[in-house]
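Colleague: The following block contains the structure, expressed as structure tokens.
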Amino acid sequence: MKKEERIVTNLKLTDLSKRYGQVEVLKHINLDIRSGEFMVFVGPSGCGKSTLLRCIAGLEEITGGTLEIDGEVVNDRAPSKRGIAMVFQSYALYPHMSVFDNMAYALKIANAPKDEIESKVAAAAEQLQLTPYLQRLPGQLSGGQRQRVAIGRAIVRDPKVFLFDEPLSNLDAALRVATRIQIAKLHEDLNKTTMIYVTHDQVEAMTLADRICVLRDGRVEQVGTPMDLYERPESLFVASFIGSPQMNLIEGDKAKPFNAHTVGVRSEHMTVSPDGGAWSGTVIHTENLGADSYVYIDMGQEDPVVVRVDGSTKYRSGDAIHFSPLDDKIHRFDADGKPIA
Amino acid sequence: MTAVTESADLDAVKYEVRRKNWFARIRLGRVLTHILLLLMVALWTLPTVGLLVSSLRDKDQLAVSGWWTALSASEALGVTRIGTAAEQVAEAGHFVIRGNLFGSDTNKQLGGFGLSNGEPAATEPGGSMAMKEGGTISVAADGGFEWTSDTEFTHTRGPRIFYLATIAPRFTLDNYYEVLTSNGVWRSFINSFTVTIPATIIPILIAAFAAYALAWMRFPFRGFIVALVVGLLVVPLQMSLIPLLTLYNQLAQLFGAEDGKTYLGIWLAHTAFGLPLAIYLLRNYMVGLPKEIMESARIDGASHFKIFTGMVLPLSFPALASFSIFQFLWVWNDLLVAMVFLGAQQDRLVLTGKLVSLLGSRGNNWEILTAGAFITIVVPLIVFFALQRYFVRGLLAGSVK
Ligand SMILES: Nc1ncnc2c1ncn2[C@@H]1O[C@H](COP(=O)(O)OP(=O)(O)O)[C@@H](O)[C@H]1O
Ligand SMILES: [Mg+2]
């Protein structure tokens, strides 16, 4: 118990900014990443996730603020001296080297003894089921195998912090799930080495993260555990970004009775009835998934409202429908998108 | 079941249609491309083959007929001055002069012989003809003649016998042997190599380093330097010849050498003239290499030098090979720079210079010119075929995506 409380801050970003010429891409980022934590940066495309990760890696110069690793400011330290390893979205394997040489490269550069190199590479290959492919060139591997080589290359370096930049986005759907599980398992196996993982996919974020950092336009929007973000979004943006299907946002007159500019309700937090409810509309589409069903309702807003019902639904397109939110599950936001307590 | 048969029928119909329209499926664009390609191949191959065939032919045949007739016998007119009275032998009361009209050539066949230019084939082979010096001469088909007279020969100047000969096709390496041994071509060959090899390697080495720096290192004025290199691409070489030569001569004086015309001088000149294109080509290639590979190597702890030697150089082989070919060809075929910076003395003459001097001094000796020319082009050909295996696609396969 005592140990748990003594959490060492592994990475500390203070007022970190990054600008390209006149364009400020990262704006005053403050963030603590704890030792052993699986931290996911999530946000829409172009919000600065990769840039932030590259600043941490040392591939981009930090133009303002500080980055500390284990208490030391490392703003000007070379990438190889930061104790990090990075897995790129595009794998970035060395195409003219065998899988073995790819994984051994960092150790060779560091002049590690030959038998140490061999045992470390062999161990990593074993862990990632790459042993049969050690002598192949990257061009002779499948996409999933290449991704594993990229991860293996990181493991071999034995880093303090793993950095992943959208490592799954080049894989097909089935492989993506499998590799996701593999990465989660890797985090366990490596005695919870700190991992920072960038994705634009909130499902990946929710399933992998200890804590999620939602970025928007170069700013930190909210940091918290997946459940925090799901249950207590601190802005309209987070509310609509996290969760699938998207949270229903109801505005204008229909939100008035709740004393809010916008009312957000997740689809599983609503009840339907043929007569009587807070809101009403027309069913435009239904999806039966067996265990549950989604009913799409047009109530005069831009986007349809999605309501989840248990089992299959008897509603058909064109049916009139009434529905209301569960009282303690509604999220109320003011005109600025801030939550109303 | 019906569905299956139906679809089978449908396939048959489709096949029928396909067969009828086979010509409609040929894509015009592809055909044109192939024809054009074929034309280009022919355009390049034909003269080269012609040169090769010519250089391998007998020099007499080469002089009288084109290389495309190389496989058929050719006809040639000739004249030989036969022996004087001094060569006669007395045999059973006759006086005889013997010899062969063709000398030692054995591939000629007599078509006829005569006494004047106007009637070179007045008499059939084997026939005999009266001579105005006395007696009769008969010539066999192989050119062997026998001039017999009852009285002793007294002439002091051998009469001329004209003949028509068919020359059987003959291929020989004699021309090459002659060119390489007796005309200083071998010497020039070595000179050309002495100039070309360093003049290819030095600029590539320098340019590769420069290109890496301009592509992947951050330093002030990088963009300006790249622009400067592009600007230098269009500076005509002739403009700088004289200033450079003056500079060389001044340097030579400074070091007490007799003149500035040295191999080192021409290497540096070719290097300087080749560098802008080399840097430009290599930089453009290297810039296109995936950024993530370099970044990954940086995280792995590689220095710029290690990234250059370990990643960029091996991945730039296609660009290095193509520039090597360019530079090699240009230096090998160069005459101007060689003449200016190395001079025209026989012992420093490069192959192109040698060819020019051969054209002047032995312009009628086709056998020497063709063999010399082929020796000149065979080296670039070898270089090309040796380096072409580096023009491989997919060098980056598996690296990104
Ligand atoms: N080298 C660069 N120069 C200028 N702008 C850049 C550069 N790299 C990224 N940006 C900009 O920074 C923003 C964030 O990019 P990035 O971090 O790649 O976003 P993402 O969250 O999709 O990974 C984008 O608007 C992008 O245009
Ligand atoms: Mg990105």
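Residues in the structure tokens are numbered from 1 in each chain, the chains being A, B, ... in the order shown, and ligands are numbered from 1 in the order shown.
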Tell me the residues of chain B close to chain A, meaning within 7 Å using only C-alpha atoms, as a list in words.

Modeller: Glu292, Ile293, Glu295, Ser296, Arg298, Ile299, Asp300, Gly301, Ala302, Leu396, Ala397, Gly398, Ser399, Val400 and Lys401 of chain B

Colleague: Grab the residues selected above and save them as an mmCIF file, in the first residue's frame with N, CA, C and O atoms.

Modeller:
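And here's out_18.cif as it stands now:
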data_model
loop_
_atom_site.group_PDB
_atom_site.id
_atom_site.type_symbol
_atom_site.label_atom_id
_atom_site.label_comp_id
_atom_site.auth_asym_id
_atom_site.auth_seq_id
_atom_site.Cartn_x
_atom_site.Cartn_y
_atom_site.Cartn_z
ATOM 1 N N GLU B 292 11.569 8.657 -41.489
ATOM 2 C CA GLU B 292 11.477 7.853 -40.270
ATOM 3 C C GLU B 292 12.689 6.943 -40.098
ATOM 4 O O GLU B 292 13.063 6.619 -38.971
ATOM 5 N N ILE B 293 13.277 6.516 -41.212
ATOM 6 C CA ILE B 293 14.453 5.642 -41.097
ATOM 7 C C ILE B 293 15.583 6.385 -40.391
ATOM 8 O O ILE B 293 16.217 5.864 -39.474
ATOM 9 N N GLU B 295 15.283 9.009 -38.485
ATOM 10 C CA GLU B 295 14.900 9.333 -37.103
ATOM 11 C C GLU B 295 15.051 8.123 -36.208
ATOM 12 O O GLU B 295 15.517 8.217 -35.079
ATOM 13 N N SER B 296 14.657 6.998 -36.759
ATOM 14 C CA SER B 296 14.782 5.763 -36.006
ATOM 15 C C SER B 296 16.252 5.499 -35.678
ATOM 16 O O SER B 296 16.591 5.118 -34.552
ATOM 17 N N ARG B 298 18.547 7.709 -35.453
ATOM 18 C CA ARG B 298 18.983 8.697 -34.467
ATOM 19 C C ARG B 298 18.613 8.252 -33.058
ATOM 20 O O ARG B 298 19.406 8.350 -32.128
ATOM 21 N N ILE B 299 17.383 7.761 -32.921
ATOM 22 C CA ILE B 299 16.964 7.284 -31.600
ATOM 23 C C ILE B 299 17.814 6.096 -31.182
ATOM 24 O O ILE B 299 18.140 5.934 -30.009
ATOM 25 N N ASP B 300 18.185 5.273 -32.160
ATOM 26 C CA ASP B 300 19.051 4.130 -31.850
ATOM 27 C C ASP B 300 20.470 4.570 -31.520
ATOM 28 O O ASP B 300 21.316 3.734 -31.197
ATOM 29 N N GLY B 301 20.745 5.853 -31.657
ATOM 30 C CA GLY B 301 22.042 6.362 -31.226
ATOM 31 C C GLY B 301 23.059 6.556 -32.328
ATOM 32 O O GLY B 301 24.231 6.799 -32.050
ATOM 33 N N ALA B 302 22.614 6.453 -33.589
ATOM 34 C CA ALA B 302 23.573 6.592 -34.683
ATOM 35 C C ALA B 302 23.924 8.064 -34.902
ATOM 36 O O ALA B 302 23.051 8.926 -34.849
ATOM 37 N N LEU B 396 13.539 -0.096 -51.044
ATOM 38 C CA LEU B 396 12.981 0.336 -49.768
ATOM 39 C C LEU B 396 11.868 -0.588 -49.301
ATOM 40 O O LEU B 396 11.218 -0.319 -48.297
ATOM 41 N N ALA B 397 11.660 -1.689 -50.014
ATOM 42 C CA ALA B 397 10.536 -2.554 -49.688
ATOM 43 C C ALA B 397 10.565 -2.968 -48.228
ATOM 44 O O ALA B 397 11.587 -3.381 -47.712
ATOM 45 N N GLY B 398 9.410 -2.832 -47.590
ATOM 46 C CA GLY B 398 9.300 -3.315 -46.221
ATOM 47 C C GLY B 398 9.727 -2.323 -45.173
ATOM 48 O O GLY B 398 9.585 -2.575 -43.983
ATOM 49 N N SER B 399 10.252 -1.198 -45.601
ATOM 50 C CA SER B 399 10.709 -0.234 -44.613
ATOM 51 C C SER B 399 9.543 0.532 -44.023
ATOM 52 O O SER B 399 9.329 0.538 -42.816
ATOM 53 N N VAL B 400 8.805 1.192 -44.897
ATOM 54 C CA VAL B 400 7.654 1.945 -44.415
ATOM 55 C C VAL B 400 6.422 1.388 -45.079
ATOM 56 O O VAL B 400 6.394 1.182 -46.280
ATOM 57 N N LYS B 401 5.407 1.140 -44.310
ATOM 58 C CA LYS B 401 4.132 0.526 -44.704
ATOM 59 C C LYS B 401 4.292 -0.928 -45.095
ATOM 60 O O LYS B 401 5.346 -1.445 -45.232
#

Colleague: For the helix (DSSP H, G or I) assignment from backbone DSSP, which residues of segment 129-252 of chain B qualify? Please present them as a PyMOL selection string.

Modeller: chain B and resi 174-182+185-216+222-233+237-252

Colleague: Which residues form the shell of 7 Å around ligand 2 when you count only C-alpha atoms and all ligand atoms, given as a PyMOL selection string?

Modeller: chain A and resi 45-46+49-50+165-166

Colleague: Next, the residues of the selection above should be written as a PDB file, in the first residue's frame with C-alpha atoms.

Modeller:
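Output file out09.pdb follows:
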ATOM      1  CA  SER A  45      -6.096  14.291 -36.817  1.00  0.00           C
ATOM      2  CA  GLY A  46      -3.789  17.304 -36.866  1.00  0.00           C
ATOM      3  CA  LYS A  49      -0.300  14.333 -30.971  1.00  0.00           C
ATOM      4  CA  SER A  50       2.617  13.240 -33.123  1.00  0.00           C
ATOM      5  CA  ASP A 165       2.864   6.728 -32.808  1.00  0.00           C
ATOM      6  CA  GLU A 166      -0.331   5.196 -34.180  1.00  0.00           C
TER       7      GLU A 166
END

Colleague: Residues contacting ligand 1 - anything with an atom at most 10 Å away, using only C-alpha atoms and all ligand atoms - can you give me those as a ChimeraX atom specification?

Modeller: /A:18-26,41-55,60,165-166,198-200,215-218

Colleague: Would you mind listing what lies within 10 Å of Thr14 of chain A as a PyMOL selection string, with only C-alpha atoms counted and same-chain residues fewer than 6 positions away left out?

Modeller: chain A and resi 28-32+64-68

Colleague: If you run DSSP over the backbone, which residues in segment 136-385 of chain B end up strand (DSSP E)? Put them as number ranges by chain.

Modeller: B: 136-139, 144-149, 160-167

Colleague: List the spatial neighbours of Lys59 of chain B as a list in words - criterion: any atom at most 9 Å away, only C-alpha atoms, same-chain residues fewer than 3 positions off excluded.

Modeller: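 The neighbour list is Ser54, Ser55, Leu56, Leu62, Ala63, Val64, Asp174, Asn175, Asn365, Trp366, Glu367 and Ile368 of chain B.
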
Colleague: Could you state the separation of atom CA of Phe333 of chain A and atom CA of Glu302 of chain A in Å, given to one decimal place?

Modeller: 18.1 Å

Colleague: Which residues are close to Leu164 of chain B, i.e. within 7 Å by only C-alpha atoms, leaving aside same-chain residues fewer than 2 positions away? Reply as a PyMOL selection string.

Modeller: chain B and resi 75-78+110-113+120-121+166

Colleague: Those same residues, written as a compact mmCIF listing (two decimals), in the first residue's frame with C-alpha atoms?

Modeller:
# COMPACT_ATOMS: atom_id res chain seq x y z
CA GLU B 75 34.79 -8.81 -105.57
CA ALA B 76 37.84 -6.62 -105.73
CA LEU B 77 40.09 -5.35 -108.44
CA GLY B 78 43.80 -5.55 -107.84
CA LEU B 110 40.78 -15.31 -109.13
CA GLY B 111 37.94 -14.07 -111.33
CA GLY B 112 40.10 -13.19 -114.37
CA PHE B 113 43.24 -11.30 -115.25
CA PRO B 120 41.30 -6.35 -115.76
CA ALA B 121 39.57 -9.67 -116.43
CA THR B 166 36.52 -12.72 -105.29

Colleague: Would you mind listing what lies within 12 Å of Val229 of chain B as number ranges by chain, with only C-alpha atoms counted and same-chain residues fewer than 4 positions away left out?

Modeller: B: 207, 210-211, 214, 222-225, 233-235, 272-284

Colleague: Would you save the residues from that selection as a PDB file, in the first residue's frame, using N, CA and C atoms?

Modeller:
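See part07.pdb below for the written result:
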ATOM      1  N   ALA B 207      30.307  14.302 -53.521  1.00  0.00           N
ATOM      2  CA  ALA B 207      28.905  14.654 -53.702  1.00  0.00           C
ATOM      3  C   ALA B 207      28.005  13.903 -52.735  1.00  0.00           C
ATOM      4  N   ALA B 210      28.158  15.691 -49.487  1.00  0.00           N
ATOM      5  CA  ALA B 210      27.482  16.991 -49.602  1.00  0.00           C
ATOM      6  C   ALA B 210      25.977  16.802 -49.690  1.00  0.00           C
ATOM      7  N   ALA B 211      25.571  15.815 -50.488  1.00  0.00           N
ATOM      8  CA  ALA B 211      24.138  15.591 -50.686  1.00  0.00           C
ATOM      9  C   ALA B 211      23.479  15.197 -49.374  1.00  0.00           C
ATOM     10  N   LEU B 214      23.137  18.311 -47.291  1.00  0.00           N
ATOM     11  CA  LEU B 214      22.113  19.217 -47.803  1.00  0.00           C
ATOM     12  C   LEU B 214      20.715  18.627 -47.663  1.00  0.00           C
ATOM     13  N   ARG B 222      21.368  26.531 -45.692  1.00  0.00           N
ATOM     14  CA  ARG B 222      21.274  25.282 -46.430  1.00  0.00           C
ATOM     15  C   ARG B 222      20.516  25.464 -47.736  1.00  0.00           C
ATOM     16  N   GLY B 223      19.365  26.128 -47.638  1.00  0.00           N
ATOM     17  CA  GLY B 223      18.553  26.359 -48.838  1.00  0.00           C
ATOM     18  C   GLY B 223      19.315  27.160 -49.876  1.00  0.00           C
ATOM     19  N   PHE B 224      20.086  28.140 -49.390  1.00  0.00           N
ATOM     20  CA  PHE B 224      20.851  28.978 -50.303  1.00  0.00           C
ATOM     21  C   PHE B 224      21.894  28.140 -51.052  1.00  0.00           C
ATOM     22  N   ILE B 225      22.549  27.244 -50.322  1.00  0.00           N
ATOM     23  CA  ILE B 225      23.584  26.416 -50.946  1.00  0.00           C
ATOM     24  C   ILE B 225      22.965  25.500 -52.006  1.00  0.00           C
ATOM     25  N   LEU B 233      24.591  24.307 -62.124  1.00  0.00           N
ATOM     26  CA  LEU B 233      24.296  23.302 -63.148  1.00  0.00           C
ATOM     27  C   LEU B 233      24.319  23.908 -64.551  1.00  0.00           C
ATOM     28  N   VAL B 234      23.923  25.165 -64.653  1.00  0.00           N
ATOM     29  CA  VAL B 234      23.753  25.742 -65.984  1.00  0.00           C
ATOM     30  C   VAL B 234      24.966  26.560 -66.430  1.00  0.00           C
ATOM     31  N   VAL B 235      26.020  26.594 -65.619  1.00  0.00           N
ATOM     32  CA  VAL B 235      27.217  27.322 -66.032  1.00  0.00           C
ATOM     33  C   VAL B 235      27.952  26.510 -67.088  1.00  0.00           C
ATOM     34  N   ALA B 272      35.278  19.036 -60.445  1.00  0.00           N
ATOM     35  CA  ALA B 272      34.582  20.311 -60.301  1.00  0.00           C
ATOM     36  C   ALA B 272      33.434  20.426 -61.292  1.00  0.00           C
ATOM     37  N   PHE B 273      33.673  20.002 -62.511  1.00  0.00           N
ATOM     38  CA  PHE B 273      32.615  20.113 -63.510  1.00  0.00           C
ATOM     39  C   PHE B 273      31.475  19.136 -63.232  1.00  0.00           C
ATOM     40  N   GLY B 274      31.791  18.021 -62.610  1.00  0.00           N
ATOM     41  CA  GLY B 274      30.754  17.011 -62.363  1.00  0.00           C
ATOM     42  C   GLY B 274      29.981  17.225 -61.077  1.00  0.00           C
ATOM     43  N   LEU B 275      30.576  17.946 -60.137  1.00  0.00           N
ATOM     44  CA  LEU B 275      29.964  18.037 -58.805  1.00  0.00           C
ATOM     45  C   LEU B 275      28.544  18.609 -58.775  1.00  0.00           C
ATOM     46  N   PRO B 276      28.261  19.710 -59.461  1.00  0.00           N
ATOM     47  CA  PRO B 276      26.907  20.258 -59.332  1.00  0.00           C
ATOM     48  C   PRO B 276      25.835  19.236 -59.674  1.00  0.00           C
ATOM     49  N   LEU B 277      26.015  18.559 -60.817  1.00  0.00           N
ATOM     50  CA  LEU B 277      25.010  17.564 -61.196  1.00  0.00           C
ATOM     51  C   LEU B 277      24.966  16.431 -60.172  1.00  0.00           C
ATOM     52  N   ALA B 278      26.154  16.014 -59.724  1.00  0.00           N
ATOM     53  CA  ALA B 278      26.208  14.905 -58.767  1.00  0.00           C
ATOM     54  C   ALA B 278      25.484  15.270 -57.484  1.00  0.00           C
ATOM     55  N   ILE B 279      25.780  16.432 -56.943  1.00  0.00           N
ATOM     56  CA  ILE B 279      25.143  16.836 -55.691  1.00  0.00           C
ATOM     57  C   ILE B 279      23.640  16.964 -55.884  1.00  0.00           C
ATOM     58  N   TYR B 280      23.276  17.576 -56.994  1.00  0.00           N
ATOM     59  CA  TYR B 280      21.862  17.792 -57.263  1.00  0.00           C
ATOM     60  C   TYR B 280      21.101  16.461 -57.349  1.00  0.00           C
ATOM     61  N   LEU B 281      21.637  15.547 -58.150  1.00  0.00           N
ATOM     62  CA  LEU B 281      20.971  14.243 -58.312  1.00  0.00           C
ATOM     63  C   LEU B 281      20.891  13.490 -56.993  1.00  0.00           C
ATOM     64  N   LEU B 282      22.028  13.410 -56.313  1.00  0.00           N
ATOM     65  CA  LEU B 282      22.069  12.607 -55.094  1.00  0.00           C
ATOM     66  C   LEU B 282      21.227  13.240 -53.991  1.00  0.00           C
ATOM     67  N   ARG B 283      21.278  14.582 -53.901  1.00  0.00           N
ATOM     68  CA  ARG B 283      20.485  15.220 -52.857  1.00  0.00           C
ATOM     69  C   ARG B 283      19.004  14.938 -53.089  1.00  0.00           C
ATOM     70  N   ASN B 284      18.569  15.102 -54.334  1.00  0.00           N
ATOM     71  CA  ASN B 284      17.159  14.864 -54.616  1.00  0.00           C
ATOM     72  C   ASN B 284      16.762  13.435 -54.286  1.00  0.00           C
TER      73      ASN B 284
END

Colleague: Between A:Ala174, A:Val295, A:Ile330, A:Ala184, single out the one closest to Lys314 of chain A, counting only C-alpha atoms.

Modeller: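 With only C-alpha atoms as the atom set, the closest residue is A:Val295.
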
Colleague: Can you pull out the residues contacting Met247 of chain A? Cut-off 9 Å, using only C-alpha atoms, and skip same-chain residues under 6 positions away; I want them as a list in words.

Modeller: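 Counting only C-alpha atoms, the residues come to Ala239, Ser240, Phe241, Gly264, Val265, Arg266, Ser267, Val305 and Val306 of chain A.
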
Colleague: With C-alpha atoms kept, could you save the residues just selected as a PDB file, in the first residue's frame?

Modeller:
ATOM      1  CA  ALA A 239     -17.948  14.315 -24.220  1.00  0.00           C
ATOM      2  CA  SER A 240     -18.479  13.942 -27.933  1.00  0.00           C
ATOM      3  CA  PHE A 241     -15.025  12.526 -28.690  1.00  0.00           C
ATOM      4  CA  GLY A 264     -25.500  15.347 -23.500  1.00  0.00           C
ATOM      5  CA  VAL A 265     -26.853  11.849 -22.972  1.00  0.00           C
ATOM      6  CA  ARG A 266     -25.207   8.611 -23.977  1.00  0.00           C
ATOM      7  CA  SER A 267     -27.365   6.245 -25.962  1.00  0.00           C
ATOM      8  CA  VAL A 305     -30.391  10.891 -31.660  1.00  0.00           C
ATOM      9  CA  VAL A 306     -29.231   7.312 -31.065  1.00  0.00           C
TER      10      VAL A 306
END

Colleague: Using atom CA of Leu315 of chain B and atom CA of Phe221 of chain B as the two end points, give the distance in Å to one decimal.

Modeller: 26.4 Å

Colleague: Which value, in Å to one decimal, gives the distance between atom CA of Ile62 of chain A and atom CA of Leu229 of chain A?

Modeller: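 One can read the atom CA of Ile62 of chain A to atom CA of Leu229 of chain A distance as 28.3 Å.
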
Colleague: Which of these residues is nearest to Arg232 of chain A, using only C-alpha atoms: A:Ala341, A:Ile196, A:Ala205, A:Ile33?

Modeller: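 That would be A:Ala341, the residue with the smallest distance to Arg232 of chain A.
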